[in-house]
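Structure file start38.txt; described as compact mmCIF, C-alpha atoms.
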# COMPACT_ATOMS: atom_id res chain seq x y z
CA MET A 10 147.47 69.34 81.54
CA LYS A 11 146.32 66.71 84.05
CA LYS A 12 147.94 63.27 83.94
CA LEU A 13 145.73 60.17 83.66
CA LEU A 14 146.95 56.59 84.08
CA VAL A 15 144.90 54.16 81.97
CA ILE A 16 145.20 50.48 82.94
CA THR A 17 144.00 48.28 80.08
CA TYR A 18 144.68 44.76 78.84
CA TYR A 19 143.60 45.51 75.25
CA TRP A 20 145.76 47.89 73.26
CA PRO A 21 147.04 48.11 69.65
CA PRO A 22 148.34 46.27 67.77
CA ALA A 23 145.72 43.93 69.26
CA GLY A 24 142.55 44.00 67.19
CA GLY A 25 138.93 43.48 68.16
CA SER A 26 136.19 45.35 69.95
CA GLY A 27 137.88 45.43 73.37
CA VAL A 28 140.55 47.80 72.04
CA GLN A 29 138.28 50.47 70.63
CA ARG A 30 136.78 52.14 73.71
CA TRP A 31 139.93 53.38 75.43
CA LEU A 32 141.93 53.78 72.25
CA LYS A 33 139.33 56.35 71.18
CA PHE A 34 139.25 58.05 74.60
CA VAL A 35 143.04 58.33 74.54
CA LYS A 36 142.79 59.78 71.05
CA TYR A 37 140.66 62.72 72.27
CA LEU A 38 141.65 63.20 75.93
CA ARG A 39 144.16 65.96 75.21
CA GLU A 40 141.36 68.12 73.82
CA PHE A 41 139.79 68.07 77.28
CA GLY A 42 142.88 68.70 79.39
CA TYR A 43 144.27 65.21 80.00
CA GLU A 44 147.59 63.65 79.07
CA PRO A 45 147.06 59.87 79.09
CA ILE A 46 149.68 57.35 80.19
CA VAL A 47 148.74 53.82 79.15
CA TYR A 48 149.76 50.73 81.13
CA THR A 49 149.27 47.48 79.21
CA PRO A 50 150.85 44.00 78.78
CA LEU A 51 153.86 43.57 76.52
CA ASN A 52 152.86 40.03 75.46
CA PRO A 53 149.07 39.64 75.74
CA GLU A 54 147.09 36.78 74.23
CA ARG A 55 145.53 38.25 71.08
CA MET A 56 142.49 37.12 69.17
CA ALA A 57 143.60 39.25 66.24
CA THR A 58 146.24 41.79 65.25
CA ASP A 59 145.44 45.12 63.63
CA GLU A 60 148.57 47.16 62.94
CA GLY A 61 146.43 49.94 61.46
CA LEU A 62 145.15 50.88 64.93
CA LEU A 63 148.63 52.00 65.96
CA ALA A 64 148.16 55.11 63.81
CA GLU A 65 145.28 56.19 66.10
CA ILE A 66 147.52 56.56 69.14
CA PRO A 67 148.38 60.27 69.47
CA VAL A 68 152.02 61.16 68.95
CA GLY A 69 153.95 61.32 72.20
CA VAL A 70 151.55 59.31 74.35
CA ILE A 71 153.50 57.25 76.87
CA VAL A 72 152.64 53.54 76.65
CA ILE A 73 154.19 51.42 79.38
CA LYS A 74 154.35 47.75 78.43
CA ARG A 75 155.28 45.08 80.96
CA LYS A 76 155.51 41.32 80.55
CA ILE A 77 152.53 39.31 81.70
CA PHE A 78 152.36 35.60 82.54
CA GLU A 79 149.18 33.86 81.44
CA PRO A 80 148.55 30.11 81.56
CA TYR A 81 147.45 29.90 77.93
CA SER A 82 150.46 27.91 76.76
CA MET A 83 149.73 25.18 79.30
CA TYR A 84 146.06 25.23 78.33
CA LYS A 85 146.86 24.84 74.63
CA ILE A 86 149.22 21.95 75.21
CA PHE A 87 146.76 20.19 77.54
CA THR A 88 143.81 20.54 75.15
CA GLY A 89 145.76 19.92 71.95
CA LYS A 90 145.33 23.52 70.73
CA LYS A 91 148.99 24.48 70.63
CA GLY A 92 149.55 27.09 67.93
CA GLN A 93 145.89 28.17 67.83
CA ASN A 94 144.34 31.47 68.85
CA ILE A 95 141.90 31.18 71.71
CA LYS A 96 139.47 33.64 73.18
CA PRO A 97 140.96 35.71 76.01
CA GLY A 98 139.73 34.50 79.38
CA PHE A 99 139.00 30.94 78.16
CA ILE A 100 135.41 31.95 77.36
CA ALA A 101 133.15 29.35 78.91
CA GLU A 102 131.61 27.45 76.08
CA SER A 103 132.19 23.90 77.25
CA LYS A 104 129.37 23.82 79.76
CA SER A 105 126.98 25.84 77.62
CA SER A 106 127.73 23.45 74.76
CA ALA A 107 126.84 20.56 77.04
CA LYS A 108 123.55 22.23 77.92
CA GLU A 109 122.81 22.89 74.25
CA SER A 110 123.61 19.29 73.28
CA LYS A 111 121.48 17.85 76.05
CA SER A 112 118.47 20.00 75.15
CA ALA A 113 118.79 18.92 71.55
CA GLY A 114 118.88 15.24 72.50
CA LYS A 115 122.47 14.84 71.37
CA VAL A 116 125.39 13.17 73.10
CA ASN A 117 127.72 15.68 74.76
CA VAL A 118 131.11 15.34 73.11
CA VAL A 119 132.95 18.10 74.98
CA PRO A 120 136.46 16.65 75.52
CA LEU A 121 137.45 15.79 79.08
CA SER A 122 140.55 17.99 78.69
CA GLU A 123 138.31 20.98 77.92
CA ARG A 124 136.16 20.37 80.98
CA ILE A 125 139.16 19.97 83.26
CA SER A 126 140.77 23.11 81.83
CA LEU A 127 137.57 25.10 82.34
CA PHE A 128 137.35 23.96 85.95
CA ILE A 129 140.98 24.94 86.60
CA ARG A 130 140.57 28.28 84.84
CA SER A 131 137.39 29.09 86.78
CA ASN A 132 138.52 28.08 90.25
CA PHE A 133 142.27 28.73 90.35
CA PHE A 134 142.64 31.90 88.23
CA ILE A 135 140.38 34.49 89.88
CA PRO A 136 139.11 36.86 88.63
CA ASP A 137 140.70 35.71 85.32
CA PRO A 138 143.96 34.29 83.93
CA LYS A 139 145.52 37.77 84.10
CA CYS A 140 145.55 37.53 87.91
CA PHE A 141 149.31 36.82 88.01
CA TRP A 142 149.86 40.38 86.72
CA ILE A 143 148.08 42.09 89.61
CA SER A 144 150.72 42.19 92.36
CA PRO A 145 153.73 42.82 90.06
CA SER A 146 151.84 45.66 88.40
CA VAL A 147 150.90 47.32 91.68
CA ARG A 148 154.53 47.16 92.84
CA PHE A 149 155.87 48.52 89.56
CA LEU A 150 153.33 51.34 89.28
CA LYS A 151 153.86 52.48 92.87
CA LYS A 152 157.56 52.94 92.09
CA TYR A 153 156.82 54.54 88.72
CA LEU A 154 154.47 57.11 90.25
CA ASN A 155 157.08 58.20 92.79
CA GLY A 156 158.89 59.99 89.98
CA ASN A 157 155.96 60.46 87.61
CA PRO A 158 152.97 61.91 89.47
CA ILE A 159 149.48 61.58 88.04
CA ASP A 160 146.09 63.06 88.86
CA ALA A 161 143.77 60.08 88.35
CA ILE A 162 143.63 56.36 87.56
CA VAL A 163 141.29 54.58 85.17
CA SER A 164 140.94 50.82 84.94
CA THR A 165 138.87 49.22 82.18
CA GLY A 166 137.55 45.67 82.21
CA PRO A 167 137.06 42.93 81.46
CA PRO A 168 139.48 41.42 82.18
CA HIS A 169 138.67 42.45 85.72
CA SER A 170 142.24 41.93 86.94
CA MET A 171 142.78 45.46 85.59
CA HIS A 172 140.38 46.75 88.26
CA MET A 173 142.27 44.82 90.93
CA ILE A 174 145.52 46.52 89.89
CA ALA A 175 143.88 49.95 90.08
CA LYS A 176 142.28 49.12 93.42
CA GLY A 177 145.64 48.23 94.96
CA LEU A 178 147.31 51.29 93.47
CA ALA A 179 144.56 53.68 94.56
CA LYS A 180 144.62 52.29 98.10
CA ALA A 181 148.39 52.76 98.32
CA THR A 182 148.46 56.28 96.86
CA GLY A 183 145.09 57.90 97.53
CA ILE A 184 144.84 58.92 93.85
CA PRO A 185 141.26 59.17 92.51
CA TRP A 186 140.19 55.99 90.72
CA LEU A 187 137.52 55.47 88.07
CA ALA A 188 136.53 51.86 87.27
CA ASP A 189 135.19 51.52 83.73
CA PHE A 190 133.11 48.40 82.97
CA ARG A 191 132.65 47.52 79.30
CA ASP A 192 130.77 44.36 80.32
CA PRO A 193 129.26 43.03 83.56
CA TRP A 194 131.23 40.82 85.94
CA THR A 195 129.31 38.07 87.77
CA ARG A 196 126.17 38.88 85.78
CA MET A 197 127.83 38.44 82.41
CA TYR A 198 125.74 35.91 80.48
CA ASN A 199 128.51 33.28 80.37
CA PHE A 200 129.52 33.52 84.04
CA LYS A 201 127.01 30.83 85.06
CA TYR A 202 128.67 28.40 82.64
CA MET A 203 132.15 28.86 84.10
CA ASN A 204 131.87 25.79 86.36
CA ASN A 205 132.70 27.83 89.44
CA THR A 206 132.61 26.20 92.84
CA LYS A 207 130.55 28.00 95.48
CA LEU A 208 133.79 29.27 96.99
CA ALA A 209 135.06 30.65 93.67
CA GLU A 210 131.72 32.31 92.98
CA ALA A 211 131.77 33.89 96.43
CA ILE A 212 135.29 35.24 95.84
CA HIS A 213 134.23 36.74 92.49
CA LYS A 214 131.23 38.43 94.09
CA LYS A 215 133.35 39.80 96.93
CA MET A 216 135.92 41.17 94.47
CA GLU A 217 133.19 42.71 92.34
CA ARG A 218 131.51 44.34 95.33
CA ASN A 219 134.81 45.73 96.64
CA VAL A 220 135.74 47.25 93.27
CA VAL A 221 132.33 48.89 92.82
CA GLN A 222 132.24 50.20 96.39
CA GLN A 223 135.85 51.39 96.64
CA ALA A 224 136.24 53.10 93.27
CA ASP A 225 135.67 56.85 93.44
CA ALA A 226 133.37 56.42 90.45
CA VAL A 227 132.09 53.53 88.37
CA VAL A 228 131.30 53.96 84.69
CA VAL A 229 129.14 51.46 82.81
CA VAL A 230 127.95 51.33 79.21
CA THR A 231 124.26 50.48 79.65
CA ASN A 232 121.35 51.26 81.94
CA GLY A 233 120.97 47.57 82.75
CA MET A 234 124.52 47.43 84.11
CA ARG A 235 123.90 50.57 86.14
CA GLU A 236 120.86 48.99 87.80
CA GLU A 237 122.88 45.87 88.64
CA PHE A 238 125.78 47.77 90.20
CA LEU A 239 123.52 50.10 92.18
CA GLU A 240 122.84 47.14 94.46
CA PHE A 241 126.44 47.48 95.71
CA SER A 242 125.97 51.14 96.71
CA PRO A 243 128.82 52.70 94.69
CA LYS A 244 130.09 56.13 95.67
CA ARG A 245 129.09 57.31 92.21
CA ILE A 246 127.96 55.56 89.04
CA GLU A 247 127.50 57.01 85.56
CA ILE A 248 126.59 55.70 82.12
CA ILE A 249 129.00 56.57 79.33
CA THR A 250 128.14 54.35 76.40
CA ASN A 251 130.36 53.09 73.65
CA GLY A 252 130.21 55.07 70.45
CA PHE A 253 131.58 55.73 66.99
CA ASP A 254 134.42 57.87 65.74
CA GLN A 255 133.23 59.96 62.81
CA THR A 256 136.78 60.13 61.45
CA ASP A 257 136.52 56.38 60.75
CA PHE A 258 133.72 57.04 58.27
CA THR A 259 133.65 59.01 55.07
CA GLU A 260 131.50 62.13 55.03
CA GLU A 261 129.35 60.66 52.30
CA PRO A 262 128.68 56.90 52.46
CA GLU A 263 130.29 54.97 49.66
CA LEU A 264 128.11 53.53 46.92
CA LEU A 265 126.17 50.43 47.80
CA GLU A 266 127.32 47.10 46.47
CA GLU A 267 125.53 45.88 43.37
CA SER A 268 124.33 42.84 45.30
CA PHE A 269 121.74 42.86 48.07
CA THR A 270 124.33 42.41 50.80
CA ILE A 271 123.71 41.49 54.42
CA THR A 272 126.91 42.19 56.36
CA TYR A 273 128.01 41.09 59.81
CA THR A 274 131.29 42.26 61.35
CA GLY A 275 133.08 41.11 64.48
CA LEU A 276 133.21 38.00 66.66
CA PHE A 277 130.27 35.71 65.80
CA VAL A 278 129.69 33.10 68.51
CA LYS A 279 127.24 30.23 68.50
CA ASP A 280 124.79 31.70 71.03
CA ARG A 281 124.23 34.63 68.64
CA ASN A 282 123.38 32.49 65.65
CA PRO A 283 120.20 33.86 63.93
CA LYS A 284 118.94 30.49 62.69
CA GLU A 285 115.59 31.84 61.56
CA LEU A 286 117.34 34.40 59.36
CA TRP A 287 119.33 31.70 57.58
CA LYS A 288 116.15 29.68 57.21
CA LEU A 289 114.11 32.48 55.64
CA LEU A 290 116.97 33.50 53.36
CA GLY A 291 117.45 29.89 52.27
CA GLU A 292 113.78 29.51 51.45
CA LYS A 293 113.76 32.76 49.53
CA VAL A 294 116.86 31.72 47.55
CA ALA A 295 115.26 28.37 46.70
CA SER A 296 112.01 29.93 45.51
CA ASP A 297 113.22 33.13 43.81
CA GLU A 298 115.97 32.86 41.19
CA THR A 299 116.45 36.62 41.02
CA PHE A 300 116.89 36.90 44.78
CA ALA A 301 119.34 34.00 44.66
CA LYS A 302 121.49 35.97 42.22
CA ASP A 303 121.18 39.22 44.16
CA LEU A 304 121.88 37.98 47.70
CA ARG A 305 125.29 38.20 49.33
CA ILE A 306 125.96 37.36 52.97
CA ARG A 307 129.29 38.89 54.01
CA ILE A 308 130.62 37.82 57.41
CA ILE A 309 133.83 39.49 58.59
CA GLY A 310 135.43 38.19 61.76
CA GLN A 311 136.06 35.02 63.76
CA THR A 312 132.96 32.87 63.40
CA ASP A 313 131.84 29.69 65.15
CA GLU A 314 131.80 26.62 62.92
CA ARG A 315 128.19 25.93 63.86
CA ILE A 316 127.13 29.17 62.22
CA TRP A 317 128.87 28.18 58.98
CA ALA A 318 127.12 24.79 59.24
CA ASP A 319 123.68 26.39 59.60
CA ILE A 320 124.26 28.71 56.66
CA SER A 321 125.34 25.75 54.54
CA ALA A 322 122.40 23.60 55.67
CA ASN A 323 120.03 26.27 54.35
CA GLY A 324 121.59 26.18 50.88
CA LEU A 325 123.37 29.52 51.15
CA ASP A 326 126.95 28.51 50.37
CA ASN A 327 126.90 30.22 46.98
CA ASN A 328 125.72 33.45 48.58
CA LEU A 329 128.30 33.51 51.35
CA VAL A 330 131.50 35.57 51.51
CA LYS A 331 133.76 34.62 54.44
CA VAL A 332 136.47 36.92 55.82
CA ASP A 333 138.25 35.68 58.96
CA TYR A 334 139.63 39.05 60.05
CA MET A 335 140.07 42.46 58.49
CA PRO A 336 141.72 45.68 59.75
CA HIS A 337 139.25 48.06 61.34
CA ASN A 338 139.72 50.82 58.75
CA GLN A 339 138.63 48.37 56.04
CA VAL A 340 135.75 46.92 58.04
CA VAL A 341 133.97 50.27 58.24
CA LYS A 342 134.01 50.57 54.44
CA TRP A 343 132.18 47.26 54.10
CA GLN A 344 129.73 48.41 56.76
CA GLN A 345 128.98 51.53 54.74
CA SER A 346 128.51 49.67 51.48
CA ALA A 347 126.10 47.02 52.83
CA SER A 348 122.39 46.93 52.06
CA VAL A 349 121.65 45.62 55.55
CA LEU A 350 123.79 45.29 58.68
CA LEU A 351 123.22 42.24 60.88
CA LEU A 352 123.39 42.76 64.65
CA ALA A 353 123.24 39.79 66.99
CA GLY A 354 122.96 40.05 70.77
CA GLY A 355 123.05 37.27 73.34
CA GLN A 356 120.07 35.02 73.94
CA GLU A 357 120.55 34.66 77.70
CA PRO A 358 118.39 36.82 80.05
CA GLU A 359 121.53 38.66 81.16
CA ALA A 360 122.03 39.92 77.59
CA LYS A 361 119.25 42.50 78.07
CA GLY A 362 121.76 44.80 79.75
CA ILE A 363 124.48 44.52 77.09
CA LEU A 364 124.96 47.02 74.30
CA THR A 365 127.80 45.92 72.04
CA GLY A 366 130.29 48.50 70.77
CA LYS A 367 129.66 47.33 67.22
CA PHE A 368 126.12 48.72 67.46
CA PHE A 369 127.43 52.29 67.42
CA GLU A 370 129.63 51.73 64.39
CA TYR A 371 126.62 50.31 62.61
CA LEU A 372 124.76 53.53 63.43
CA ALA A 373 127.57 55.62 61.96
CA ALA A 374 127.56 53.51 58.78
CA ARG A 375 123.95 54.68 58.27
CA ARG A 376 122.65 51.42 56.87
CA PRO A 377 119.44 49.70 57.98
CA ILE A 378 120.10 47.35 60.89
CA ILE A 379 118.34 44.06 61.52
CA GLY A 380 118.99 42.99 65.08
CA PHE A 381 118.35 39.77 66.99
CA GLY A 382 118.27 39.75 70.76
CA PRO A 383 116.12 40.37 73.84
CA ILE A 384 113.12 42.57 73.12
CA GLY A 385 112.98 45.40 75.63
CA GLY A 386 116.71 45.14 76.35
CA ASP A 387 119.16 48.03 76.13
CA MET A 388 120.08 47.27 72.53
CA ASP A 389 116.44 47.09 71.45
CA VAL A 390 115.68 50.42 73.14
CA ALA A 391 118.74 52.12 71.64
CA LEU A 392 117.89 50.83 68.17
CA LYS A 393 114.37 52.22 68.41
CA GLU A 394 115.56 55.57 69.76
CA SER A 395 118.11 55.85 66.95
CA GLU A 396 115.50 55.02 64.29
CA ALA A 397 118.13 52.96 62.49
CA GLY A 398 116.50 49.54 62.25
CA GLU A 399 114.51 46.92 64.11
CA MET A 400 115.18 44.22 66.69
CA PHE A 401 113.61 40.76 66.57
CA ASP A 402 113.44 37.85 68.92
CA TYR A 403 115.58 34.95 67.66
CA SER A 404 112.42 32.90 67.06
CA ASP A 405 110.55 35.63 65.15
CA TYR A 406 110.66 34.17 61.64
CA ALA A 407 107.62 36.10 60.38
CA GLY A 408 108.77 39.51 61.62
CA ALA A 409 112.29 39.11 60.28
CA LYS A 410 111.01 37.86 56.91
CA GLU A 411 108.68 40.82 56.50
CA TRP A 412 111.52 43.22 57.32
CA ILE A 413 113.96 41.57 54.88
CA ASP A 414 111.30 41.51 52.14
CA ARG A 415 110.75 45.23 52.64
CA GLN A 416 114.45 46.03 52.42
CA TYR A 417 114.84 43.89 49.31
CA ASP A 418 111.92 45.69 47.64
CA LEU A 419 113.69 49.01 48.30
CA PHE A 420 116.88 47.55 46.85
CA LYS A 421 115.11 46.47 43.65
CA LYS A 422 113.59 49.93 43.30
CA GLY A 423 117.05 51.48 43.51
CA GLU A 424 116.22 53.39 46.68
CA THR A 425 119.29 53.95 48.81
CA PRO A 426 118.37 52.95 52.37
CA VAL A 427 120.53 55.50 54.20
CA THR A 428 119.30 55.95 57.76
CA SER A 429 119.39 59.44 59.22
CA GLY A 430 119.37 58.22 62.81
CA LYS A 431 119.64 60.19 66.05
CA ILE A 432 123.27 59.35 66.66
CA ASP A 433 125.21 62.53 67.51
CA ARG A 434 125.18 61.77 71.24
CA TYR A 435 127.24 58.64 70.54
CA SER A 436 130.25 60.39 69.01
CA ARG A 437 133.57 59.32 70.58
CA ARG A 438 134.66 62.95 70.99
CA GLY A 439 131.48 63.87 72.86
CA LEU A 440 131.69 60.78 75.06
CA CYS A 441 135.32 61.59 75.85
CA LYS A 442 134.24 65.05 76.97
CA SER A 443 131.79 63.44 79.39
CA MET A 444 134.52 61.16 80.71
CA ALA A 445 136.90 64.09 81.20
CA GLU A 446 134.25 66.13 83.03
CA LEU A 447 133.64 63.23 85.39
CA LEU A 448 137.37 62.90 86.05
CA ASP A 449 137.58 66.65 86.72
CA GLU A 450 134.93 66.29 89.43
CA LEU A 451 136.67 63.30 91.03
CA ILE A 452 140.00 65.13 91.18
CA GLN A 453 138.41 68.29 92.54
CA ASN A 454 136.50 66.39 95.24
CA LYS A 455 139.61 64.48 96.26
CA ASN A 456 141.58 67.71 96.60
CA ILE A 457 138.85 69.30 98.70
CA ASN A 458 138.73 66.30 101.06
CA ARG A 459 142.50 66.17 101.60
Mind converting the file's structure to structure tokens?
Amino acid sequence: MKKLLVITYYWPPAGGSGVQRWLKFVKYLREFGYEPIVYTPLNPERMATDEGLLAEIPVGVIVIKRKIFEPYSMYKIFTGKKGQNIKPGFIAESKSSAKESKSAGKVNVVPLSERISLFIRSNFFIPDPKCFWISPSVRFLKKYLNGNPIDAIVSTGPPHSMHMIAKGLAKATGIPWLADFRDPWTRMYNFKYMNNTKLAEAIHKKMERNVVQQADAVVVVTNGMREEFLEFSPKRIEIITNGFDQTDFTEEPELLEESFTITYTGLFVKDRNPKELWKLLGEKVASDETFAKDLRIRIIGQTDERIWADISANGLDNNLVKVDYMPHNQVVKWQQSASVLLLAGGQEPEAKGILTGKFFEYLAARRPIIGFGPIGGDMDVALKESEAGEMFDYSDYAGAKEWIDRQYDLFKKGETPVTSGKIDRYSRRGLCKSMAELLDELIQNKNINR
């Protein structure tokens, strides 16, 4: 059995989408000849906690947890958010909020403390606030590997400090290294709002280029990301998408809810707010008493207050069910029982190359998907290929209304809208096999070249 060191910031009992990818790979790696050893922080900043995910870690897997220093406590005190959960990485919303306010003719009310904190975060903590963990981790892991040899290293990001740890370790040991990117780095849609100085941006780009060029292989989750990273001339680059774990879903989907339910699960940020959907649903509720009684909008996950405000402004308060957070094993049941699943991608041009992990769970739930995001992007293409729903531009009121009307007609006729979908290639077990085969090749090539 080969030994694989997995360097990841996100690990149970942390909840959220960032945990799922490598938790599922670790779950199946033994089937393909790998014994994983996980290296992760002891005290990470969590958006949510999901104790149920601990049961997915295979018995006997070594998980090394080391303390990490992150400047979140100082940030919370400075901005008056002490005691609150914040998004890992201080997601840059201050400057994008300013842009949004200006375009709408409103006065920008982003607090000065927020703007100062964003500037400090962007220009002093590179590549991210986990940077203080890089050097201590490299030193610790070098010592650990002296008595615990491994065959390969995997780093998964963001946060991209995990790649910097693996880079230092691979350079010191010569062990094959695979850099796994769940999201882009400098071409992530929010990077341009991070208030970086030219120097900070140049450092990010240099770090990114070095990681992509020096890793023995780079894995990305979409074709768009592959095209971006090809510019750096990686030694090898492969696409291994996110996916779904069939064991999370019942063999036969549970019965649909009695209401016509539109369900969204996961983090719901303001730049993914489908305003036209709320508008058309509000108009339909106001004009059709039966629809008003039938409609339920179930949103599960941390949601921006501006989304709640838009839903309320369209007269949909009585149709709304709010759930702040729910364990993953319960979320999938609500996905399966929905009439329609709502998928929302980013509105920035960079979002064309992003394919959220939630998309694959929606496929496995086998419910019709209404998506909003860039037409022609990776998510739009995957949705078409899977024959599981339809993607609309955020401004496409007419197209979205026609689609919702059609689904509601099926609901009233009692026709169960279960999508067959071409989804087998997205199974977590199959994707893990692809990852293991790639690792096999890296190890073999490294041995040949020694």
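Excluding stretch 320-333 of chain A itself and any same-chain residue fewer than 3 positions from it, the protein and nucleic acid residues within 8 Å of it, counting all atoms listed in the file, are Trp287, Lys288, Leu290, Gly291, Glu292, Val294, Ala295, Ala301, Leu304, Arg305, Ile306, Arg307, Ile308, Ile309, Gly310, Gln311, Thr312, Ile316 and Trp317 of chain A.
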For A:Phe269, which of A:Ala407, A:Val227, A:Leu350, A:Cys441 is the closest residue, counting all atoms listed in the file?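 Looking only at the distances to A:Phe269, the closest residue turns out to be A:Leu350.
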For A:Pro243, which residue out of A:Asp449, A:Glu267, A:Leu187, A:Val230 is the nearest one, using all atoms listed in the file? A:Leu187
Which is closest to A:His169 among A:Arg39, A:His213, A:Lys207, A:Arg434, if we use only C-alpha atoms? A:His213
Residue with smallest distance to A:Lys176 - pool A:Asp433, A:Asp313, A:Glu298, A:Glu217, counting all atoms listed in the file: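 Smallest separation from A:Lys176 among the options: A:Glu217.
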Using only C-alpha atoms, which of A:Ala175, A:Met444, A:Ala23, A:Ile125 sits nearest A:Val147?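 Among the listed residues, the smallest separation from A:Val147 belongs to A:Ala175.
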Using all atoms listed in the file, pick whichever of A:Thr365, A:Lys139, A:Gln255, A:Val220 has the shortest atom-to-atom distance to A:Gly27.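 Among A:Thr365, A:Lys139, A:Gln255, A:Val220, it is A:Thr365 that comes nearest to A:Gly27.
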What's around A:Leu38 at 12 Å? Count all atoms listed in the file, leave out sequence neighbours fewer than 2 positions away in its own chain, and write the answer as a ChimeraX atom specification. /A:10-15,31-36,40-46,66-67,70,437-446,448
Give me the residues near A:Asp257 as a compact mmCIF listing (two decimals) with C-alpha atoms, in the frame of the given file, where near means some atom within 10 Å (using only C-alpha atoms) and where sequence neighbours in that chain fewer than 2 positions away do not count.
# COMPACT_ATOMS: atom_id res chain seq x y z
CA PHE A 253 131.58 55.73 66.99
CA ASP A 254 134.42 57.87 65.74
CA GLN A 255 133.23 59.96 62.81
CA THR A 259 133.65 59.01 55.07
CA GLU A 260 131.50 62.13 55.03
CA HIS A 337 139.25 48.06 61.34
CA ASN A 338 139.72 50.82 58.75
CA GLN A 339 138.63 48.37 56.04
CA VAL A 340 135.75 46.92 58.04
CA VAL A 341 133.97 50.27 58.24
CA LYS A 342 134.01 50.57 54.44
CA GLU A 370 129.63 51.73 64.39
CA ALA A 373 127.57 55.62 61.96
CA ALA A 374 127.56 53.51 58.78
Please measure the separation of atom CA of A:Asn157 and atom CA of A:Ala181, giving the value in Å to one decimal. 15.2 Å
What does the distance from atom CA of A:Tyr18 to atom CA of A:Glu359 come to in Å, to one decimal?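 Value for the atom CA of A:Tyr18-atom CA of A:Glu359 distance: 24.1 Å.
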Quick one: everything within 12 Å of A:Lys215, counting all atoms listed in the file, minus sequence neighbours fewer than 3 positions away in the same chain. Send it as an MDAnalysis selection string. chainID A and resid 135:136 173 194:195 208:212 218:223 241
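Between atom CA of A:Asn155 and atom CA of A:Pro22 lies a distance of 29.1 Å.
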